[in-house]
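**Student:** Next comes the structure file entry06.txt, holding compact mmCIF, C-alpha atoms and all ligand atoms.
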```
# COMPACT_ATOMS: atom_id res chain seq x y z
CA MET D 1 3.27 24.27 25.97
CA LEU D 2 1.21 23.63 22.83
CA SER D 3 1.06 27.33 22.02
CA SER D 4 4.84 27.71 22.34
CA ILE D 5 5.38 24.72 19.98
CA MET D 6 2.96 26.35 17.52
CA LYS D 7 4.81 29.64 17.82
CA THR D 8 8.14 27.89 17.13
CA ASN D 9 6.60 26.30 14.03
CA ASP D 10 5.27 29.66 12.85
CA ILE D 11 8.71 31.21 13.27
CA ARG D 12 10.39 28.32 11.43
CA GLU D 13 7.89 28.56 8.57
CA ALA D 14 8.32 32.33 8.31
CA LEU D 15 12.11 32.01 8.34
CA MET D 16 11.97 29.34 5.64
CA ALA D 17 9.86 31.63 3.45
CA ARG D 18 12.37 34.46 3.87
CA LEU D 19 15.31 32.17 3.17
CA LEU D 20 13.69 30.77 0.01
CA ARG D 21 12.89 34.24 -1.23
CA ALA D 22 16.46 35.35 -0.52
CA ILE D 23 18.04 32.50 -2.50
CA GLU D 24 15.59 32.62 -5.41
CA GLY D 25 18.06 34.49 -7.63
CA SER D 26 20.84 31.98 -7.03
CA MET D 27 18.43 29.08 -7.67
CA HIS D 28 17.63 30.67 -11.00
CA VAL D 29 21.37 30.69 -11.80
CA VAL D 30 21.99 27.05 -10.86
CA TYR D 31 18.72 25.46 -12.02
CA GLY D 32 17.52 27.89 -14.70
CA GLN D 33 18.78 26.05 -17.76
CA ARG D 34 17.27 22.73 -16.72
CA LYS D 35 13.99 24.30 -15.65
CA ARG D 36 13.62 26.27 -18.88
CA ALA D 37 14.06 23.04 -20.87
CA VAL D 38 11.22 21.16 -19.15
CA PHE D 39 8.85 24.02 -18.39
CA ARG D 40 8.81 25.19 -22.01
CA ASP D 41 5.77 23.29 -23.25
CA LEU D 42 3.50 23.02 -20.25
CA PRO D 43 -0.30 22.78 -20.59
CA ALA D 44 -2.63 25.68 -19.75
CA THR D 45 -3.29 24.28 -16.25
CA ILE D 46 -0.58 22.77 -14.07
CA VAL D 47 -0.31 21.53 -10.50
CA GLU D 48 2.73 22.51 -8.48
CA ILE D 49 3.30 20.91 -5.09
CA GLY D 50 5.27 22.87 -2.50
CA PRO D 51 5.88 25.91 -4.73
CA GLY D 52 7.40 27.83 -1.80
CA THR D 53 7.75 31.50 -2.71
CA GLY D 54 7.15 30.85 -6.41
CA ALA D 55 10.68 30.28 -7.71
CA ASN D 56 9.31 28.41 -10.73
CA MET D 57 6.75 30.99 -11.75
CA ARG D 58 9.12 32.99 -13.90
CA TYR D 59 9.34 29.98 -16.26
CA TYR D 60 5.59 29.50 -16.76
CA ALA D 61 3.81 31.06 -19.74
CA PRO D 62 1.67 34.11 -18.85
CA GLY D 63 -1.97 33.07 -18.38
CA THR D 64 -1.11 29.61 -17.06
CA ARG D 65 -3.42 28.43 -14.27
CA VAL D 66 -1.23 27.19 -11.43
CA ILE D 67 -2.85 24.98 -8.81
CA ALA D 68 -0.36 25.58 -6.02
CA VAL D 69 -0.42 23.08 -3.14
CA GLU D 70 1.46 24.90 -0.40
CA PRO D 71 0.80 24.10 3.29
CA ASN D 72 3.09 26.81 4.70
CA PRO D 73 0.93 29.99 4.98
CA ALA D 74 4.06 32.16 5.24
CA MET D 75 4.73 31.34 1.56
CA HIS D 76 1.30 32.52 0.39
CA PRO D 77 1.90 36.29 0.15
CA TYR D 78 5.05 35.64 -1.90
CA LEU D 79 3.14 33.26 -4.18
CA ARG D 80 0.37 35.79 -4.74
CA LYS D 81 2.91 38.47 -5.55
CA ALA D 82 4.86 36.22 -7.95
CA ALA D 83 1.64 35.15 -9.69
CA ARG D 84 0.71 38.79 -10.25
CA ARG D 85 4.22 39.61 -11.45
CA TYR D 86 4.25 36.80 -14.05
CA SER D 87 0.55 37.14 -14.99
CA LEU D 88 -0.43 33.67 -13.80
CA GLN D 89 -3.82 32.53 -12.51
CA LEU D 90 -3.12 31.26 -9.01
CA ASP D 91 -5.35 28.62 -7.44
CA LEU D 92 -3.79 28.33 -4.00
CA ARG D 93 -4.47 25.29 -1.79
CA SER D 94 -3.20 25.07 1.79
CA THR D 95 -3.36 21.28 1.91
CA LYS D 96 -0.45 18.85 1.99
CA ALA D 97 0.48 16.90 -1.12
CA GLU D 98 -0.07 13.59 0.68
CA HIS D 99 -3.79 14.11 0.01
CA LEU D 100 -4.38 16.18 -3.10
CA ASP D 101 -7.78 17.75 -3.27
CA LEU D 102 -8.01 16.95 -6.99
CA VAL D 103 -10.05 14.56 -9.09
CA THR D 104 -8.38 11.34 -10.25
CA GLU D 105 -6.87 11.63 -13.76
CA SER D 106 -7.74 15.32 -13.98
CA THR D 107 -4.38 16.93 -14.72
CA GLU D 108 -1.73 16.89 -17.43
CA ALA D 109 1.33 18.06 -15.51
CA VAL D 110 2.51 18.06 -11.90
CA ILE D 111 5.68 19.83 -10.83
CA SER D 112 7.84 19.31 -7.77
CA THR D 113 11.15 21.06 -7.20
CA LEU D 114 13.00 20.48 -3.91
CA VAL D 115 9.84 19.24 -2.21
CA LEU D 116 10.08 15.46 -1.81
CA CYS D 117 12.90 16.02 0.72
CA SER D 118 10.44 17.88 2.97
CA VAL D 119 7.16 15.98 2.76
CA ASP D 120 6.18 13.59 5.56
CA ASP D 121 5.50 10.63 3.27
CA PRO D 122 7.19 10.77 -0.16
CA GLU D 123 5.72 7.45 -1.36
CA GLN D 124 2.20 8.67 -0.61
CA VAL D 125 2.88 12.02 -2.33
CA VAL D 126 4.19 10.40 -5.51
CA SER D 127 1.26 7.97 -5.48
CA GLU D 128 -1.14 10.96 -5.22
CA ILE D 129 0.65 12.70 -8.09
CA ARG D 130 0.26 9.59 -10.22
CA ARG D 131 -3.42 9.33 -9.24
CA VAL D 132 -4.31 12.86 -10.36
CA LEU D 133 -2.36 12.67 -13.63
CA LYS D 134 -4.20 11.73 -16.80
CA PRO D 135 -2.74 8.79 -18.75
CA GLY D 136 0.24 10.28 -20.61
CA GLY D 137 0.45 13.13 -18.08
CA ARG D 138 3.85 14.27 -16.83
CA PHE D 139 5.39 14.48 -13.40
CA ILE D 140 8.32 16.89 -13.66
CA TYR D 141 10.73 16.74 -10.75
CA LEU D 142 13.98 18.27 -9.58
CA GLU D 143 15.07 17.04 -6.16
CA HIS D 144 18.16 16.87 -4.00
CA VAL D 145 18.82 13.36 -2.76
CA ALA D 146 21.10 11.10 -0.72
CA ALA D 147 24.73 10.86 -1.79
CA VAL D 148 26.26 7.62 -3.06
CA LYS D 149 26.52 5.14 -0.17
CA ASP D 150 29.78 4.98 1.81
CA THR D 151 31.18 8.22 0.42
CA ALA D 152 32.44 11.17 2.48
CA LEU D 153 29.42 13.14 1.30
CA ALA D 154 27.02 10.43 2.50
CA ARG D 155 28.70 10.53 5.92
CA MET D 156 28.41 14.32 5.95
CA GLN D 157 24.69 14.06 5.18
CA ASP D 158 24.19 11.54 7.99
CA PHE D 159 26.10 13.75 10.42
CA LEU D 160 24.13 16.90 9.53
CA TYR D 161 20.76 15.16 9.19
CA ARG D 162 19.12 16.28 12.45
CA LEU D 163 20.47 19.81 12.42
CA TRP D 164 19.37 20.26 8.79
CA LEU D 165 15.91 18.92 9.61
CA VAL D 166 15.44 21.63 12.24
CA LEU D 167 17.16 24.45 10.37
CA PHE D 168 15.38 23.90 7.07
CA ASP D 169 11.81 23.14 8.11
CA GLY D 170 11.83 19.35 7.84
CA CYS D 171 14.26 18.92 4.95
CA ARG D 172 15.73 15.37 4.95
CA LEU D 173 19.22 15.26 3.52
CA ASN D 174 19.48 11.59 2.69
CA ARG D 175 16.32 10.48 0.96
CA HIS D 176 16.43 7.85 -1.79
CA THR D 177 13.88 9.75 -3.85
CA TRP D 178 14.99 8.06 -7.06
CA THR D 179 13.72 4.73 -5.67
CA THR D 180 10.38 6.31 -4.72
CA ILE D 181 9.85 7.70 -8.23
CA ASN D 182 11.06 4.57 -10.03
CA ALA D 183 8.85 2.32 -7.90
CA ALA D 184 5.67 4.42 -8.30
CA GLY D 185 4.39 2.66 -11.42
CA PHE D 186 4.94 5.31 -14.11
CA GLN D 187 5.06 4.05 -17.72
CA GLN D 188 8.31 5.84 -18.39
CA VAL D 189 10.83 7.65 -16.18
CA SER D 190 13.70 9.80 -17.43
CA MET D 191 16.21 10.64 -14.72
CA ASP D 192 19.33 12.75 -14.92
CA CYS D 193 21.57 12.45 -11.83
CA PHE D 194 23.90 15.37 -11.28
CA LYS D 195 25.90 17.13 -8.61
CA LEU D 196 25.31 20.80 -8.10
CA LYS D 197 28.41 22.97 -7.96
CA SER D 198 27.56 25.38 -5.15
CA ALA D 199 28.37 26.20 -1.55
CA TRP D 200 25.40 24.04 -0.47
CA VAL D 201 27.55 20.89 -0.49
CA PRO D 202 25.27 18.66 1.68
CA VAL D 203 22.46 19.05 -0.87
CA SER D 204 24.63 18.76 -3.97
CA PRO D 205 23.43 15.35 -5.31
CA HIS D 206 20.31 15.86 -7.43
CA ILE D 207 17.89 14.01 -9.66
CA PHE D 208 15.98 15.73 -12.41
CA GLY D 209 13.57 14.37 -14.98
CA VAL D 210 10.09 13.54 -16.15
CA ALA D 211 7.93 10.57 -15.21
CA VAL D 212 5.08 9.82 -17.62
CA LYS D 213 1.93 8.05 -16.45
C1 LIG R 301 12.68 23.62 -0.02
S1 LIG R 301 11.11 24.27 -0.30
C2 LIG R 301 11.07 24.32 -2.10
C3 LIG R 301 10.18 25.39 -2.63
C4 LIG R 301 10.07 25.48 -4.15
N1 LIG R 301 9.50 24.31 -4.72
C5 LIG R 301 11.40 25.80 -4.78
O1 LIG R 301 11.86 25.05 -5.64
O2 LIG R 301 11.97 26.85 -4.42
C6 LIG R 301 9.99 22.96 0.11
C7 LIG R 301 8.54 23.35 -0.02
O3 LIG R 301 7.71 22.20 0.19
C8 LIG R 301 6.63 22.57 1.01
N2 LIG R 301 6.11 21.36 1.67
C9 LIG R 301 6.57 20.75 2.78
N3 LIG R 301 5.82 19.68 3.08
C10 LIG R 301 4.86 19.62 2.12
C11 LIG R 301 3.77 18.73 1.88
N4 LIG R 301 3.53 17.69 2.67
N5 LIG R 301 2.99 18.98 0.81
C12 LIG R 301 3.22 20.03 -0.02
N6 LIG R 301 4.24 20.89 0.16
C13 LIG R 301 5.05 20.68 1.22
C14 LIG R 301 7.23 23.58 1.97
O4 LIG R 301 6.25 24.37 2.61
C15 LIG R 301 8.11 24.39 1.00
O5 LIG R 301 7.37 25.37 0.36
```
Can you dump the structure from the file as structure tokens?
**Tutor:**
Amino acid sequence: MLSSIMKTNDIREALMARLLRAIEGSMHVVYGQRKRAVFRDLPATIVEIGPGTGANMRYYAPGTRVIAVEPNPAMHPYLRKAARRYSLQLDLRSTKAEHLDLVTESTEAVISTLVLCSVDDPEQVVSEIRRVLKPGGRFIYLEHVAAVKDTALARMQDFLYRLWLVLFDGCRLNRHTWTTINAAGFQQVSMDCFKLKSAWVPVSPHIFGVAVK
């Protein structure tokens, strides 16, 4: 029983890695402009939680040390390959972002794109991010979120919630991630709310910005 559950998880994780890799090009098209703007002046060492197959690596300056916190082992070969391709120093950690294996106030920038929908405990993750950031350090985020309450899109998200969770390796369609970030105690939070124009309608509402400790 246990071994068949583990096998199902392995298959789901492997499928998620393949899917992410397959849609990397289209993510570059829809998110590229925003990502380029915020990833332009990153420090020499950055922490990225849930980097997946390395969709963000093309935006990092060659030589950057990327501490990549990625619990899905099926993503790791893709990450190693992307790091080589973009000449990055990869420091890969298999832990979950709920407990970052990093010293308090040790880092200048943490990045999360499309991750807070998937983590088990978003409040704990954002609190960990804030813990490891130095004062003045930046948390750069791009996340899909819940639609405006009582709209047709919100009803669609509620209807698809369970199916989406299973199909996309724990992705929750209707998280109020903006509340989590705003309530985390950052000194300053910039937040751009926008709707993505793509075929992925259930995940179209997004937030994007920088929270400064
Ligand atoms: C939808 S993918 C996004 C991948 C990548 N950030 C991107 O923008 O393409 C979500 C990622 O979060 C990772 N993830 C899920 N739970 C996590 C956790 N608790 N801590 C860190 N990463 C997690 C998944 O393994 C996956 O790589």
**Student:** May I ask you to write as a list in words all residues lying at most 6 Å from ligand LIG 301 (chain R), with only C-alpha atoms and all ligand atoms counted?
**Tutor:**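 Counting only C-alpha atoms and all ligand atoms, the residues within 6 Å of ligand LIG 301 (chain R) come out as Ile49, Gly50, Pro51, Gly52, Ala55, Val69, Glu70, Pro71, Asn72, Lys96, Ala97, Glu98, Thr113, Leu114, Val115, Ser118, Val119 and Asp120 of chain D.
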**Student:** Grab the atom CA of Ile23 of chain D to atom CA of Met75 of chain D distance for me, in Å with one decimal place.
**Tutor:**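 According to the coordinates, atom CA of Ile23 of chain D and atom CA of Met75 of chain D are separated by 14.0 Å.
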**Student:** Compile the contact shell of segment 133-146 of chain D as a list in words: residues with an atom at most 6 Å away, counting all atoms listed in the file, same-chain residues fewer than 2 positions apart removed.
**Tutor:**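 So, after excluding close chain neighbours, the residues are Glu105, Ser106, Thr107, Glu108, Ala109, Val110, Ile111, Ser112, Thr113, Leu114, Arg130, Arg131, Asn174, Arg175, His176, Val203, Pro205, His206, Ile207, Phe208, Gly209, Val210, Ala211, Val212 and Lys213 of chain D.
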**Student:** Name the residues in contact with segment 86-90 of chain D at a cut-off of 12 Å, using all atoms listed in the file, excluding same-chain residues fewer than 5 positions from it; report them as a PyMOL selection string.
**Tutor:** chain D and resi 44-48+51+54-70+76-81
**Student:** Listed atoms of segment 162-172 of chain D, axis-aligned box, 4 Å per side: centre and edge lengths to one decimal in Å, as AutoDock Vina command-line options?
**Tutor:**
```
--center_x 16.1 --center_y 19.9 --center_z 8.7 --size_x 16.7 --size_y 17.1 --size_z 15.5
```
**Student:** Extract, using all atoms listed in the file, all DNA, RNA and protein residues at most 7 Å from Ala14 of chain D, discarding same-chain residues fewer than 4 positions from it, and format them as a PyMOL selection string.
**Tutor:** chain D and resi 10+18+74
**Student:** Just how far from atom CA of Pro43 of chain D is atom CA of His28 of chain D, in Å to one decimal?
**Tutor:**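 One can read the atom CA of His28 of chain D to atom CA of Pro43 of chain D distance as 21.8 Å.
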**Student:** Rank D:Thr53, D:Asp192, D:Pro202, D:Asn182 by their smallest atom-to-atom distance to Leu163 of chain D, using only C-alpha atoms, and report the top residue only.
**Tutor:**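 Of all the options, D:Pro202 lies closest to Leu163 of chain D.
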**Student:** Please compute the atom CA of Glu123 of chain D-atom CA of Thr180 of chain D distance, one decimal, in Å.
**Tutor:**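 Interatomic distance here is 5.9 Å.
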**Student:** Which one is closest to Cys117 of chain D: D:Arg162, D:Arg172, D:Arg36, D:Lys149? Count only C-alpha atoms.
**Tutor:**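 With only C-alpha atoms as the atom set, the closest residue is D:Arg172.
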**Student:** From the set D:Ser127, D:Leu15, D:Leu116, D:Ser198, which residue has the shortest atom-to-atom contact distance to Cys171 of chain D, counting all atoms listed in the file?
**Tutor:** D:Leu116
**Student:** Quick one: residues within 8 Å of Arg12 of chain D, all atoms listed in the file, excluding same-chain residues fewer than 4 positions away - as a PyMOL selection string?
**Tutor:** chain D and resi 8+16+167-169
**Student:** So, with all atoms listed in the file as the atoms that count, which of D:Gly170, D:Gly32, D:Gly25, D:Pro73 lies closest to Arg93 of chain D?
**Tutor:** D:Pro73
**Student:** Which of these, D:Val30, D:Ala22, D:Val189, D:Ala183, has the shortest distance to Gln124 of chain D once you count only C-alpha atoms?
**Tutor:** D:Ala183
**Student:** Hey, which of D:Ala37, D:Ala152, D:Ile181, D:Cys193 ends up closest to Glu128 of chain D? Count only C-alpha atoms.
**Tutor:**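 Distance minimum relative to Glu128 of chain D lands on D:Ile181.
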